[in-house]
file run.txt (compact mmCIF, C-alpha atoms and all ligand atoms)
# COMPACT_ATOMS: atom_id res chain seq x y z
CA MET I 1 -18.17 -12.67 3.54
CA ARG I 2 -15.82 -11.73 6.37
CA ASP I 3 -14.31 -14.45 8.57
CA PRO I 4 -14.76 -13.84 12.30
CA PRO I 5 -11.64 -12.29 13.86
CA HIS I 6 -10.10 -14.04 16.81
CA HIS I 7 -7.02 -13.81 19.02
CA ARG I 8 -5.19 -16.51 20.91
CA GLY I 9 -1.99 -16.27 22.92
CA ARG I 10 0.90 -14.48 21.19
CA LEU I 11 3.49 -16.77 19.51
CA HIS I 12 7.21 -16.23 20.10
CA GLY I 13 10.11 -17.53 18.00
CA MET I 14 7.89 -18.36 15.03
CA LYS I 15 9.23 -19.98 11.88
CA LEU I 16 7.92 -17.49 9.35
CA LEU I 17 7.99 -17.96 5.57
CA ILE I 18 7.72 -14.80 3.49
CA LEU I 19 6.92 -15.40 -0.17
CA GLY I 20 8.64 -12.15 -1.11
CA GLY I 21 10.76 -10.37 1.50
CA THR I 22 13.31 -8.56 -0.63
CA VAL I 23 11.52 -5.30 -1.46
CA PHE I 24 9.55 -2.58 0.34
CA LEU I 25 6.58 -4.05 2.28
CA SER I 26 7.54 -7.71 2.36
CA LYS I 27 11.12 -6.76 3.30
CA THR I 28 9.83 -4.54 6.10
CA VAL I 29 7.72 -7.48 7.33
CA ALA I 30 10.89 -9.59 7.37
CA VAL I 31 12.84 -6.93 9.28
CA THR I 32 10.00 -6.45 11.76
CA ALA I 33 9.72 -10.20 12.40
CA LEU I 34 13.49 -10.54 12.83
CA THR I 35 13.48 -7.64 15.29
CA ARG I 36 10.85 -9.50 17.32
CA GLY I 37 13.01 -12.64 17.46
CA HIS I 38 11.28 -14.78 14.83
CA HIS I 39 13.07 -17.11 12.42
CA VAL I 40 12.51 -15.69 8.98
CA THR I 41 12.87 -17.39 5.59
CA VAL I 42 12.44 -15.15 2.57
CA ALA I 43 11.89 -16.83 -0.79
CA THR I 44 12.09 -15.09 -4.18
CA ARG I 45 13.78 -15.34 -7.59
CA GLY I 46 16.49 -13.06 -6.23
CA THR I 47 16.11 -10.46 -8.97
CA SER I 48 14.32 -7.52 -7.30
CA GLY I 49 16.32 -6.98 -4.14
CA LYS I 50 18.39 -8.46 -1.35
CA PRO I 51 17.08 -10.23 1.74
CA PRO I 52 17.52 -8.35 5.02
CA ALA I 53 20.44 -9.28 7.28
CA GLY I 54 19.51 -12.16 9.54
CA ALA I 55 16.95 -13.73 7.20
CA ARG I 56 17.54 -17.04 5.46
CA PHE I 57 17.13 -16.79 1.69
CA VAL I 58 15.81 -19.55 -0.57
CA LYS I 59 15.59 -19.12 -4.32
CA ILE I 60 12.21 -19.98 -5.83
CA ASP I 61 10.29 -19.09 -8.98
CA ARG I 62 6.53 -19.09 -8.64
CA ASN I 63 6.03 -18.84 -12.40
CA ASP I 64 7.66 -22.26 -12.78
CA PRO I 65 5.45 -25.29 -11.92
CA ALA I 66 8.41 -26.86 -10.07
CA GLY I 67 9.57 -23.50 -8.74
CA LEU I 68 8.91 -24.15 -5.02
CA ALA I 69 11.11 -27.27 -4.96
CA GLY I 70 13.82 -25.53 -2.92
CA LEU I 71 11.39 -25.40 0.04
CA ALA I 72 9.81 -28.86 -0.35
CA GLY I 73 9.19 -30.65 2.93
CA GLU I 74 9.79 -27.56 5.08
CA ARG I 75 7.34 -26.59 7.80
CA PHE I 76 6.43 -23.08 8.95
CA ASP I 77 4.31 -21.62 11.73
CA ALA I 78 3.08 -18.83 9.48
CA VAL I 79 3.25 -17.70 5.84
CA VAL I 80 3.07 -14.19 4.41
CA ASP I 81 2.33 -13.93 0.68
CA VAL I 82 2.34 -10.79 -1.51
CA ALA I 83 1.56 -12.48 -4.85
CA ARG I 84 -0.05 -10.44 -7.61
CA VAL I 85 -1.10 -13.26 -9.98
CA PRO I 86 -3.70 -15.89 -9.09
CA GLY I 87 -1.81 -18.85 -10.60
CA GLN I 88 0.92 -18.47 -7.96
CA ILE I 89 -1.46 -19.02 -5.05
CA ALA I 90 -2.50 -22.71 -5.26
CA PRO I 91 1.01 -24.25 -5.36
CA ALA I 92 1.93 -22.44 -2.13
CA ILE I 93 -1.31 -23.50 -0.43
CA ASP I 94 -0.76 -27.08 -1.66
CA MET I 95 2.66 -27.02 -0.01
CA TRP I 96 1.93 -25.36 3.38
CA GLY I 97 -1.82 -24.78 3.60
CA ASP I 98 -2.56 -27.76 5.86
CA GLN I 99 0.54 -27.42 7.96
CA ALA I 100 1.06 -23.69 8.60
CA GLY I 101 -0.98 -22.24 11.46
CA HIS I 102 -1.55 -18.80 9.96
CA TRP I 103 -1.57 -17.29 6.47
CA THR I 104 -1.36 -13.62 5.59
CA PHE I 105 -2.27 -12.57 2.10
CA VAL I 106 -1.43 -8.97 1.23
CA SER I 107 -4.14 -7.63 -1.05
CA THR I 108 -5.12 -4.12 -2.10
CA VAL I 109 -8.01 -1.68 -2.03
CA SER I 110 -7.84 -1.97 -5.83
CA VAL I 111 -10.09 -5.05 -5.41
CA TYR I 112 -13.05 -2.69 -4.96
CA ALA I 113 -15.29 -2.02 -7.94
CA ARG I 114 -16.58 1.44 -6.95
CA HIS I 115 -14.26 4.41 -6.46
CA ASP I 116 -16.95 7.07 -6.17
CA ARG I 117 -18.51 6.18 -2.79
CA PRO I 118 -16.87 7.54 0.38
CA GLY I 119 -17.03 5.56 3.62
CA GLN I 120 -17.03 2.05 2.13
CA THR I 121 -15.97 -0.85 4.34
CA VAL I 122 -14.95 -4.46 3.74
CA GLN I 123 -18.61 -5.37 4.28
CA THR I 124 -20.15 -2.75 2.01
CA GLY I 125 -17.60 -2.48 -0.83
CA GLU I 126 -18.47 -4.34 -4.05
CA LEU I 127 -15.57 -6.30 -5.51
CA LEU I 128 -14.32 -6.55 -9.08
CA GLU I 129 -14.93 -9.78 -10.99
CA PRO I 130 -12.11 -12.20 -10.20
CA SER I 131 -9.61 -13.31 -12.83
CA PRO I 132 -9.45 -17.07 -13.52
CA PRO I 133 -7.72 -18.71 -10.52
CA ASP I 134 -5.03 -20.29 -12.71
CA SER I 135 -4.19 -17.07 -14.57
CA PHE I 136 -0.57 -15.85 -14.77
CA ASP I 137 -1.53 -12.65 -16.61
CA SER I 138 0.36 -9.93 -14.76
CA ASP I 139 -0.93 -6.98 -16.83
CA MET I 140 -1.51 -4.09 -14.40
CA GLN I 141 -4.99 -3.63 -15.95
CA ARG I 142 -5.81 -7.00 -14.32
CA TYR I 143 -4.28 -6.08 -10.94
CA GLY I 144 -7.50 -5.66 -8.93
CA HIS I 145 -9.20 -8.62 -10.64
CA ASN I 146 -6.11 -10.76 -9.98
CA LYS I 147 -6.04 -9.85 -6.31
CA VAL I 148 -9.73 -10.78 -5.94
CA ALA I 149 -8.91 -14.20 -7.43
CA CYS I 150 -5.89 -14.57 -5.09
CA GLU I 151 -8.01 -13.62 -2.07
CA ASN I 152 -10.79 -16.05 -3.00
CA GLN I 153 -8.39 -18.99 -3.12
CA VAL I 154 -6.84 -18.05 0.22
CA ARG I 155 -10.23 -17.53 1.86
CA ASP I 156 -11.78 -20.71 0.40
CA ARG I 157 -8.90 -23.05 1.15
CA LEU I 158 -7.57 -21.57 4.40
CA ALA I 159 -10.73 -20.81 6.33
CA GLY I 160 -9.92 -20.18 9.98
CA LYS I 161 -6.28 -19.24 9.43
CA ALA I 162 -6.36 -16.52 6.74
CA PHE I 163 -5.57 -12.85 7.42
CA ILE I 164 -6.28 -10.86 4.26
CA VAL I 165 -5.17 -7.23 4.33
CA ARG I 166 -6.28 -4.88 1.59
CA ALA I 167 -3.64 -2.18 1.66
CA GLY I 168 -4.26 1.39 0.62
CA LEU I 169 -1.31 3.48 -0.56
CA ILE I 170 1.73 2.12 1.30
CA VAL I 171 4.34 4.80 1.97
CA GLY I 172 7.67 5.22 3.69
CA SER I 173 11.29 4.27 3.52
CA GLY I 174 12.09 1.93 0.61
CA ASP I 175 8.98 2.93 -1.35
CA PRO I 176 9.77 2.31 -5.02
CA ASN I 177 6.94 4.72 -6.02
CA ASP I 178 6.78 8.47 -5.71
CA ARG I 179 3.17 9.05 -4.85
CA PHE I 180 3.68 10.12 -1.24
CA GLY I 181 7.30 11.22 -1.46
CA TYR I 182 6.56 14.23 -3.62
CA TRP I 183 4.92 15.97 -0.70
CA PRO I 184 7.64 15.92 1.98
CA ASN I 185 10.20 16.59 -0.74
CA ARG I 186 8.31 19.55 -2.25
CA ILE I 187 7.29 21.03 1.09
CA ALA I 188 10.85 20.84 2.42
CA ALA I 189 12.04 22.75 -0.67
CA GLY I 190 9.76 25.69 0.29
CA GLY I 191 8.50 28.65 -1.76
CA GLU I 192 4.95 28.83 -3.05
CA ILE I 193 3.63 25.28 -3.17
CA LEU I 194 0.81 24.16 -5.44
CA ALA I 195 -1.82 22.29 -3.43
CA PRO I 196 -4.36 20.40 -5.55
CA GLY I 197 -8.15 20.60 -5.26
CA THR I 198 -9.48 21.86 -1.93
CA PRO I 199 -8.29 21.63 1.71
CA GLN I 200 -11.41 19.55 2.45
CA ASP I 201 -10.65 16.67 0.04
CA ASN I 202 -9.76 13.49 1.90
CA VAL I 203 -6.50 11.58 1.74
CA GLN I 204 -5.48 8.17 3.16
CA TRP I 205 -2.27 6.12 3.30
CA ILE I 206 -0.46 3.62 5.51
CA ASP I 207 3.15 3.77 6.70
CA VAL I 208 4.92 0.58 5.60
CA ARG I 209 6.15 0.02 9.17
CA ASP I 210 2.61 0.18 10.59
CA LEU I 211 1.41 -2.38 8.06
CA ALA I 212 4.41 -4.64 8.69
CA GLU I 213 3.90 -4.44 12.47
CA TRP I 214 0.25 -5.37 12.06
CA ILE I 215 1.05 -8.31 9.76
CA VAL I 216 3.61 -9.74 12.21
CA THR I 217 1.27 -9.20 15.16
CA ALA I 218 -1.53 -10.91 13.23
CA ALA I 219 0.70 -13.97 12.70
CA GLU I 220 1.74 -13.98 16.38
CA THR I 221 -1.82 -13.68 17.64
CA ARG I 222 -3.50 -15.70 14.89
CA LEU I 223 -5.73 -12.82 13.89
CA THR I 224 -7.93 -13.80 10.95
CA GLY I 225 -10.44 -12.07 8.69
CA THR I 226 -10.41 -9.58 5.83
CA TYR I 227 -9.47 -5.96 6.55
CA ASP I 228 -8.62 -2.72 4.82
CA ALA I 229 -5.18 -1.45 5.79
CA THR I 230 -5.19 2.31 5.44
CA CYS I 231 -5.39 5.15 7.94
CA PRO I 232 -8.67 6.90 8.71
CA PRO I 233 -9.05 9.66 6.10
CA ILE I 234 -8.01 13.22 6.88
CA PRO I 235 -8.61 16.43 4.88
CA ARG I 236 -5.79 17.32 2.49
CA GLY I 237 -5.32 20.69 4.21
CA GLU I 238 -4.50 18.88 7.44
CA PHE I 239 -2.32 16.36 5.60
CA LEU I 240 -0.17 19.11 4.09
CA ALA I 241 -0.09 21.09 7.34
CA ARG I 242 1.14 18.07 9.32
CA ILE I 243 3.91 17.39 6.82
CA ALA I 244 4.83 21.07 6.88
CA GLU I 245 5.05 21.05 10.68
CA ALA I 246 7.51 18.17 10.37
CA VAL I 247 9.71 19.37 7.51
CA ASN I 248 9.13 23.10 6.88
CA PRO I 249 6.75 25.07 9.12
CA GLN I 250 7.11 28.14 6.83
CA ALA I 251 5.55 26.35 3.86
CA ARG I 252 3.02 28.42 1.86
CA PHE I 253 0.29 26.68 -0.11
CA SER I 254 -1.81 27.95 -3.03
CA TRP I 255 -4.88 25.83 -3.63
CA ILE I 256 -5.50 25.24 -7.33
CA PRO I 257 -8.91 23.85 -8.36
CA GLN I 258 -8.91 20.50 -10.13
CA ASP I 259 -10.31 21.88 -13.41
CA ILE I 260 -7.27 24.19 -13.69
CA LEU I 261 -4.96 21.24 -13.06
CA ALA I 262 -6.77 19.26 -15.74
CA GLU I 263 -6.41 22.21 -18.18
CA HIS I 264 -2.66 22.04 -17.58
CA ALA I 265 -2.60 18.25 -18.10
CA VAL I 266 -1.45 17.48 -14.56
CA GLN I 267 -1.90 13.73 -14.07
CA PRO I 268 -3.72 12.46 -11.00
CA TRP I 269 -2.15 9.90 -8.65
CA SER I 270 1.04 8.77 -10.43
CA GLY I 271 3.15 8.96 -13.56
CA PRO I 272 4.96 11.81 -15.33
CA GLU I 273 3.82 15.33 -14.29
CA SER I 274 1.50 13.89 -11.67
CA LEU I 275 0.50 14.88 -8.17
CA GLY I 276 0.49 11.94 -5.80
CA LEU I 277 -2.51 11.46 -3.51
CA TRP I 278 -4.62 13.66 -5.78
CA VAL I 279 -7.56 12.05 -7.60
CA PRO I 280 -10.37 13.64 -9.63
CA LEU I 281 -13.65 14.25 -7.79
CA PRO I 282 -16.40 13.19 -7.60
CA GLU I 283 -15.43 10.13 -9.72
CA TYR I 284 -12.86 9.01 -7.13
CA ALA I 285 -14.48 10.41 -3.99
CA GLY I 286 -14.31 6.96 -2.40
CA HIS I 287 -10.73 6.18 -3.33
CA LEU I 288 -9.10 7.97 -0.40
CA SER I 289 -12.11 7.92 1.94
CA ARG I 290 -12.51 4.32 3.06
CA ASP I 291 -13.71 3.62 6.60
CA PRO I 292 -11.06 1.43 8.27
CA SER I 293 -12.50 1.53 11.82
CA ALA I 294 -12.82 -2.28 11.95
CA SER I 295 -9.09 -2.53 11.27
CA VAL I 296 -8.27 -0.08 14.05
CA THR I 297 -10.45 -2.14 16.39
CA ALA I 298 -8.58 -5.29 15.26
CA GLY I 299 -5.19 -3.78 16.15
CA MET I 300 -3.97 -1.70 13.19
CA THR I 301 -2.05 1.28 14.57
CA ILE I 302 -1.17 4.45 12.68
CA ARG I 303 1.92 6.47 13.55
CA PRO I 304 1.90 10.29 13.33
CA LEU I 305 2.21 11.57 9.77
CA ALA I 306 5.11 13.78 10.91
CA ASP I 307 7.17 10.61 11.62
CA THR I 308 6.39 9.18 8.20
CA ALA I 309 7.28 12.45 6.45
CA ARG I 310 10.50 13.02 8.39
CA ASP I 311 11.67 9.44 7.98
CA TRP I 312 10.85 9.42 4.29
CA LEU I 313 12.85 12.60 3.75
CA ALA I 314 15.81 11.25 5.72
CA SER I 315 15.96 8.06 3.66
CA ALA I 316 14.69 9.10 0.26
CA PRO I 317 16.47 9.94 -2.97
CA GLU I 318 16.45 13.57 -4.14
CA GLU I 319 14.82 12.59 -7.41
CA PRO I 320 11.69 10.58 -8.12
CA GLN I 321 12.20 6.89 -8.84
CA LEU I 322 9.68 6.39 -11.60
CA GLY I 323 9.81 9.71 -13.37
CA ALA I 324 6.72 10.87 -11.51
CA TRP I 325 6.24 14.19 -9.67
CA LEU I 326 5.10 17.53 -10.98
CA SER I 327 8.14 19.38 -12.32
CA ARG I 328 9.00 22.68 -10.65
CA GLU I 329 8.72 24.37 -14.08
CA LYS I 330 5.18 23.14 -14.64
CA GLU I 331 4.19 24.00 -11.08
CA ALA I 332 5.51 27.57 -11.58
CA ASP I 333 3.63 27.90 -14.90
CA ILE I 334 0.34 26.81 -13.33
CA LEU I 335 0.75 29.12 -10.34
CA ALA I 336 1.59 32.06 -12.65
CA ALA I 337 -1.46 31.35 -14.84
CA TRP I 338 -3.64 31.10 -11.73
CA HIS I 339 -2.43 34.42 -10.30
CA ALA I 340 -2.82 36.12 -13.71
CA ARG I 341 -6.40 34.92 -13.82
CA ASP I 342 -6.96 36.28 -10.30
CA ARG I 343 -5.78 39.71 -11.40
CA ARG I 344 -8.13 39.86 -14.41
N1 LIG L 401 2.79 -0.16 -2.88
C1 LIG L 401 1.55 0.10 -2.59
O1 LIG L 401 1.18 1.25 -2.37
C2 LIG L 401 0.55 -1.03 -2.47
C3 LIG L 401 -0.79 -0.70 -2.26
C4 LIG L 401 -1.70 -1.73 -2.07
C5 LIG L 401 -1.27 -3.05 -2.07
N2 LIG L 401 0.03 -3.34 -2.32
C6 LIG L 401 0.45 -4.74 -2.26
O2 LIG L 401 1.44 -4.82 -1.26
C7 LIG L 401 2.38 -5.79 -1.62
C8 LIG L 401 3.72 -5.13 -1.77
O3 LIG L 401 4.69 -6.07 -1.67
P1 LIG L 401 6.20 -5.66 -1.77
O4 LIG L 401 6.41 -4.27 -1.32
O5 LIG L 401 6.99 -6.73 -1.16
O6 LIG L 401 6.43 -5.54 -3.35
P2 LIG L 401 6.19 -6.50 -4.55
O7 LIG L 401 6.74 -5.83 -5.76
O8 LIG L 401 4.81 -6.94 -4.64
O9 LIG L 401 7.16 -7.74 -4.14
C9 LIG L 401 7.22 -8.84 -4.84
C10 LIG L 401 8.17 -9.82 -4.10
O10 LIG L 401 7.87 -11.08 -4.60
C11 LIG L 401 9.00 -11.61 -5.29
N3 LIG L 401 8.54 -12.23 -6.53
C12 LIG L 401 7.99 -11.62 -7.61
N4 LIG L 401 7.75 -12.52 -8.56
C13 LIG L 401 8.16 -13.73 -8.08
C14 LIG L 401 8.19 -15.04 -8.61
N5 LIG L 401 7.78 -15.33 -9.86
N6 LIG L 401 8.67 -16.03 -7.83
C15 LIG L 401 9.12 -15.77 -6.58
N7 LIG L 401 9.13 -14.56 -6.03
C16 LIG L 401 8.67 -13.54 -6.79
C17 LIG L 401 9.91 -10.41 -5.57
O11 LIG L 401 11.28 -10.80 -5.65
P3 LIG L 401 11.91 -11.26 -7.07
O12 LIG L 401 11.39 -10.32 -8.12
O13 LIG L 401 13.38 -11.13 -6.85
O14 LIG L 401 11.49 -12.67 -7.33
C18 LIG L 401 9.63 -9.54 -4.34
O15 LIG L 401 10.40 -9.95 -3.23
C19 LIG L 401 1.90 -6.42 -2.90
O16 LIG L 401 1.10 -7.54 -2.59
C20 LIG L 401 1.07 -5.32 -3.50
O17 LIG L 401 0.09 -5.84 -4.38
C21 LIG L 401 0.94 -2.36 -2.52
call {"tool": "encode", "arguments": {"input": "run.txt", "output": "structure tokens"}}
result
Amino acid sequence: MRDPPHHRGRLHGMKLLILGGTVFLSKTVAVTALTRGHHVTVATRGTSGKPPAGARFVKIDRNDPAGLAGLAGERFDAVVDVARVPGQIAPAIDMWGDQAGHWTFVSTVSVYARHDRPGQTVQTGELLEPSPPDSFDSDMQRYGHNKVACENQVRDRLAGKAFIVRAGLIVGSGDPNDRFGYWPNRIAAGGEILAPGTPQDNVQWIDVRDLAEWIVTAAETRLTGTYDATCPPIPRGEFLARIAEAVNPQARFSWIPQDILAEHAVQPWSGPESLGLWVPLPEYAGHLSRDPSASVTAGMTIRPLADTARDWLASAPEEPQLGAWLSREKEADILAAWHARDRR
């Protein structure tokens, strides 16, 4: 299933087209490429965010059959695409697939069908059934199925030039979600901190800058193949300790078993009254325990967690963006109930 990886000489001064480029990951890719001296065009509807300084912006709408007209006839050395619906893929490949030398498609570990098996790799992980390739259904329930269908089109039509990266949780400055940010924020605030599950449970993430660097390097070096993009898993106890070292070495953690959290209706992963990077076990034992060693071998680098935590805190809002995070009131209630139970 996996294309053979290969490197050639590194390209300088590339003409790079980013289908996206105005929010979080795709914007960080644009900034990274600009910093390395490439010529960057970002193309979006212009509704979600602004292009970074130094990038050329072209307005497009990929939900409109004629929506790429603003870029007709243009040539690029490489394309980076973050599409989430399969119907947006073919028109872009029709336009630049023959001509561009390299094509990155940003996918997700949500393409995998099994969440309960730790240590899965690109080779061993079963995939979800793909959505129809011409579907424009953007329902989040279809997200993983849609990304499989996007990947299949890229892999089938761009053999030999496709770099498909299945990102795990992407974190860092500009993150519109709150799944990682809760932890540096909560740990910096101090006091008794509720830690979910056990110190041995695994967690995994990728700093947006590490993923962006790898994507730009892949375009420069013509790296191809399908890869997971997430750091090697570490135990949650170590994860929290490393963040604490960076933002509050005095932090005190109380480990609360998952059944107690469930009793108190704490939501896993994301959403109101949730704890980010916490998933129920054993059902999701594979979710934060993928084996990304092939990606490390292919050049993915992972910065120290302390950098990610410090930088997130320096750039982040005080409040969650999406109404996620466990409230301090609920955290206090759970800790009090847990200590009362201890005393009985
Ligand atoms: N965040 C995570 O933890 C995570 C984890 C795994 C994988 N991923 C994947 O990583 C990627 C993240 O990309 P991202 O951070 O750049 O966020 P994103 O929300 O996927 O970005 C979408 C970009 O595409 C543009 N766009 C959306 N609809 C469009 C349309 N109809 N026509 C033209 N442009 C359109 C948006 O601008 P306009 O809306 O202004 O058009 C925006 O620039 C995605 O592929 C996502 O699936 C994310």
call {"tool": "closest_residue", "arguments": {"input": "run.txt", "among": "I:Arg10, I:His145, I:His38, I:Lys161", "to": "ligand LIG 401 (chain L)", "atoms": "only C-alpha atoms and all ligand atoms"}}
result
I:His145
call {"tool": "atom_distance", "arguments": {"input": "run.txt", "atom1": "CA of Arg75 (chain I)", "atom2": "CA of Ala33 (chain I)"}}
result
17.2 Å
call {"tool": "atom_distance", "arguments": {"input": "run.txt", "atom1": "CA of Gly144 (chain I)", "atom2": "CA of Gly225 (chain I)"}}
result
19.0 Å
call {"tool": "closest_atom_pairs", "arguments": {"input": "run.txt", "of": "chain I", "to": "ligand LIG 401 (chain L)", "cutoff": "8 Å", "atoms": "only C-alpha atoms and all ligand atoms", "output": "CSV"}}
result
residue,atom,partner,partner_atom,distance
I:Leu19,CA,L:LIG401,O10,6.3
I:Gly20,CA,L:LIG401,O15,3.5
I:Gly21,CA,L:LIG401,O15,4.8
I:Thr22,CA,L:LIG401,O15,4.1
I:Val23,CA,L:LIG401,O5,4.8
I:Phe24,CA,L:LIG401,O4,3.9
I:Leu25,CA,L:LIG401,O4,3.6
I:Ser26,CA,L:LIG401,O5,3.7
I:Lys27,CA,L:LIG401,O5,6.1
I:Ala43,CA,L:LIG401,N7,6.3
I:Thr44,CA,L:LIG401,N7,3.5
I:Arg45,CA,L:LIG401,O14,3.5
I:Gly46,CA,L:LIG401,O13,3.7
I:Thr47,CA,L:LIG401,O13,3.5
I:Ser48,CA,L:LIG401,O13,3.8
I:Gly49,CA,L:LIG401,O13,5.8
I:Lys50,CA,L:LIG401,O13,7.9
I:Lys59,CA,L:LIG401,C15,7.6
I:Ile60,CA,L:LIG401,C15,5.3
I:Asp61,CA,L:LIG401,N6,3.6
I:Arg62,CA,L:LIG401,N6,3.8
I:Asn63,CA,L:LIG401,N5,4.7
I:Asp64,CA,L:LIG401,N5,7.5
I:Gly67,CA,L:LIG401,N6,7.6
I:Asp81,CA,L:LIG401,O16,7.3
I:Val82,CA,L:LIG401,O16,3.6
I:Ala83,CA,L:LIG401,O16,5.5
I:Arg84,CA,L:LIG401,O17,5.6
I:Gln88,CA,L:LIG401,N5,7.8
I:Phe105,CA,L:LIG401,O16,7.7
I:Val106,CA,L:LIG401,O16,4.8
I:Ser107,CA,L:LIG401,O16,5.5
I:Thr108,CA,L:LIG401,C5,4.0
I:Val109,CA,L:LIG401,C4,6.3
I:Ser110,CA,L:LIG401,C4,7.2
I:Tyr143,CA,L:LIG401,O17,7.9
I:Lys147,CA,L:LIG401,O17,7.6
I:Arg166,CA,L:LIG401,C5,6.5
I:Ala167,CA,L:LIG401,C4,4.2
I:Gly168,CA,L:LIG401,C4,4.9
I:Leu169,CA,L:LIG401,O1,3.8
I:Ile170,CA,L:LIG401,O1,3.8
I:Val171,CA,L:LIG401,O1,6.4
I:Asp175,CA,L:LIG401,N1,7.1
I:Pro176,CA,L:LIG401,N1,7.7
I:Asn177,CA,L:LIG401,N1,7.1
call {"tool": "write_last_selection", "arguments": {"input": "run.txt", "atoms": "C-alpha atoms", "output": "mmCIF file, keeping the file's coordinate frame"}}
result
data_model
loop_
_atom_site.group_PDB
_atom_site.id
_atom_site.type_symbol
_atom_site.label_atom_id
_atom_site.label_comp_id
_atom_site.auth_asym_id
_atom_site.auth_seq_id
_atom_site.Cartn_x
_atom_site.Cartn_y
_atom_site.Cartn_z
ATOM 1 C CA LEU I 19 6.920 -15.400 -0.170
ATOM 2 C CA GLY I 20 8.640 -12.150 -1.110
ATOM 3 C CA GLY I 21 10.760 -10.370 1.500
ATOM 4 C CA THR I 22 13.310 -8.560 -0.630
ATOM 5 C CA VAL I 23 11.520 -5.300 -1.460
ATOM 6 C CA PHE I 24 9.550 -2.580 0.340
ATOM 7 C CA LEU I 25 6.580 -4.050 2.280
ATOM 8 C CA SER I 26 7.540 -7.710 2.360
ATOM 9 C CA LYS I 27 11.120 -6.760 3.300
ATOM 10 C CA ALA I 43 11.890 -16.830 -0.790
ATOM 11 C CA THR I 44 12.090 -15.090 -4.180
ATOM 12 C CA ARG I 45 13.780 -15.340 -7.590
ATOM 13 C CA GLY I 46 16.490 -13.060 -6.230
ATOM 14 C CA THR I 47 16.110 -10.460 -8.970
ATOM 15 C CA SER I 48 14.320 -7.520 -7.300
ATOM 16 C CA GLY I 49 16.320 -6.980 -4.140
ATOM 17 C CA LYS I 50 18.390 -8.460 -1.350
ATOM 18 C CA LYS I 59 15.590 -19.120 -4.320
ATOM 19 C CA ILE I 60 12.210 -19.980 -5.830
ATOM 20 C CA ASP I 61 10.290 -19.090 -8.980
ATOM 21 C CA ARG I 62 6.530 -19.090 -8.640
ATOM 22 C CA ASN I 63 6.030 -18.840 -12.400
ATOM 23 C CA ASP I 64 7.660 -22.260 -12.780
ATOM 24 C CA GLY I 67 9.570 -23.500 -8.740
ATOM 25 C CA ASP I 81 2.330 -13.930 0.680
ATOM 26 C CA VAL I 82 2.340 -10.790 -1.510
ATOM 27 C CA ALA I 83 1.560 -12.480 -4.850
ATOM 28 C CA ARG I 84 -0.050 -10.440 -7.610
ATOM 29 C CA GLN I 88 0.920 -18.470 -7.960
ATOM 30 C CA PHE I 105 -2.270 -12.570 2.100
ATOM 31 C CA VAL I 106 -1.430 -8.970 1.230
ATOM 32 C CA SER I 107 -4.140 -7.630 -1.050
ATOM 33 C CA THR I 108 -5.120 -4.120 -2.100
ATOM 34 C CA VAL I 109 -8.010 -1.680 -2.030
ATOM 35 C CA SER I 110 -7.840 -1.970 -5.830
ATOM 36 C CA TYR I 143 -4.280 -6.080 -10.940
ATOM 37 C CA LYS I 147 -6.040 -9.850 -6.310
ATOM 38 C CA ARG I 166 -6.280 -4.880 1.590
ATOM 39 C CA ALA I 167 -3.640 -2.180 1.660
ATOM 40 C CA GLY I 168 -4.260 1.390 0.620
ATOM 41 C CA LEU I 169 -1.310 3.480 -0.560
ATOM 42 C CA ILE I 170 1.730 2.120 1.300
ATOM 43 C CA VAL I 171 4.340 4.800 1.970
ATOM 44 C CA ASP I 175 8.980 2.930 -1.350
ATOM 45 C CA PRO I 176 9.770 2.310 -5.020
ATOM 46 C CA ASN I 177 6.940 4.720 -6.020
#
call {"tool": "residues_around", "arguments": {"input": "run.txt", "residues": "Thr221 (chain I)", "least_positions_apart": "6", "cutoff": "12 Å", "atoms": "only C-alpha atoms", "output": "MDAnalysis selection string"}}
result
chainID I and resid 5:12 14 77:78 101:103 161 163 214:215 298:299
call {"tool": "build_atoms", "arguments": {"input": "run.txt", "residues": "region 255-261 of chain I", "atoms": "N, CA and C atoms", "output": "PDB file, in the frame of the given file"}}
result
ATOM      1  N   TRP I 255      -3.952  26.899  -3.255  1.00  0.00           N
ATOM      2  CA  TRP I 255      -4.880  25.830  -3.630  1.00  0.00           C
ATOM      3  C   TRP I 255      -5.379  26.077  -5.053  1.00  0.00           C
ATOM      4  N   ILE I 256      -5.135  25.117  -5.916  1.00  0.00           N
ATOM      5  CA  ILE I 256      -5.500  25.240  -7.330  1.00  0.00           C
ATOM      6  C   ILE I 256      -6.622  24.237  -7.625  1.00  0.00           C
ATOM      7  N   PRO I 257      -7.775  24.743  -8.102  1.00  0.00           N
ATOM      8  CA  PRO I 257      -8.910  23.850  -8.360  1.00  0.00           C
ATOM      9  C   PRO I 257      -8.569  22.766  -9.389  1.00  0.00           C
ATOM     10  N   GLN I 258      -9.265  21.639  -9.272  1.00  0.00           N
ATOM     11  CA  GLN I 258      -8.910  20.500 -10.130  1.00  0.00           C
ATOM     12  C   GLN I 258      -9.133  20.775 -11.617  1.00  0.00           C
ATOM     13  N   ASP I 259     -10.108  21.637 -11.975  1.00  0.00           N
ATOM     14  CA  ASP I 259     -10.310  21.880 -13.410  1.00  0.00           C
ATOM     15  C   ASP I 259      -9.107  22.623 -14.004  1.00  0.00           C
ATOM     16  N   ILE I 260      -8.467  23.478 -13.195  1.00  0.00           N
ATOM     17  CA  ILE I 260      -7.270  24.190 -13.690  1.00  0.00           C
ATOM     18  C   ILE I 260      -6.132  23.185 -13.879  1.00  0.00           C
ATOM     19  N   LEU I 261      -6.010  22.260 -12.935  1.00  0.00           N
ATOM     20  CA  LEU I 261      -4.960  21.240 -13.060  1.00  0.00           C
ATOM     21  C   LEU I 261      -5.193  20.398 -14.316  1.00  0.00           C
TER      22      LEU I 261
END
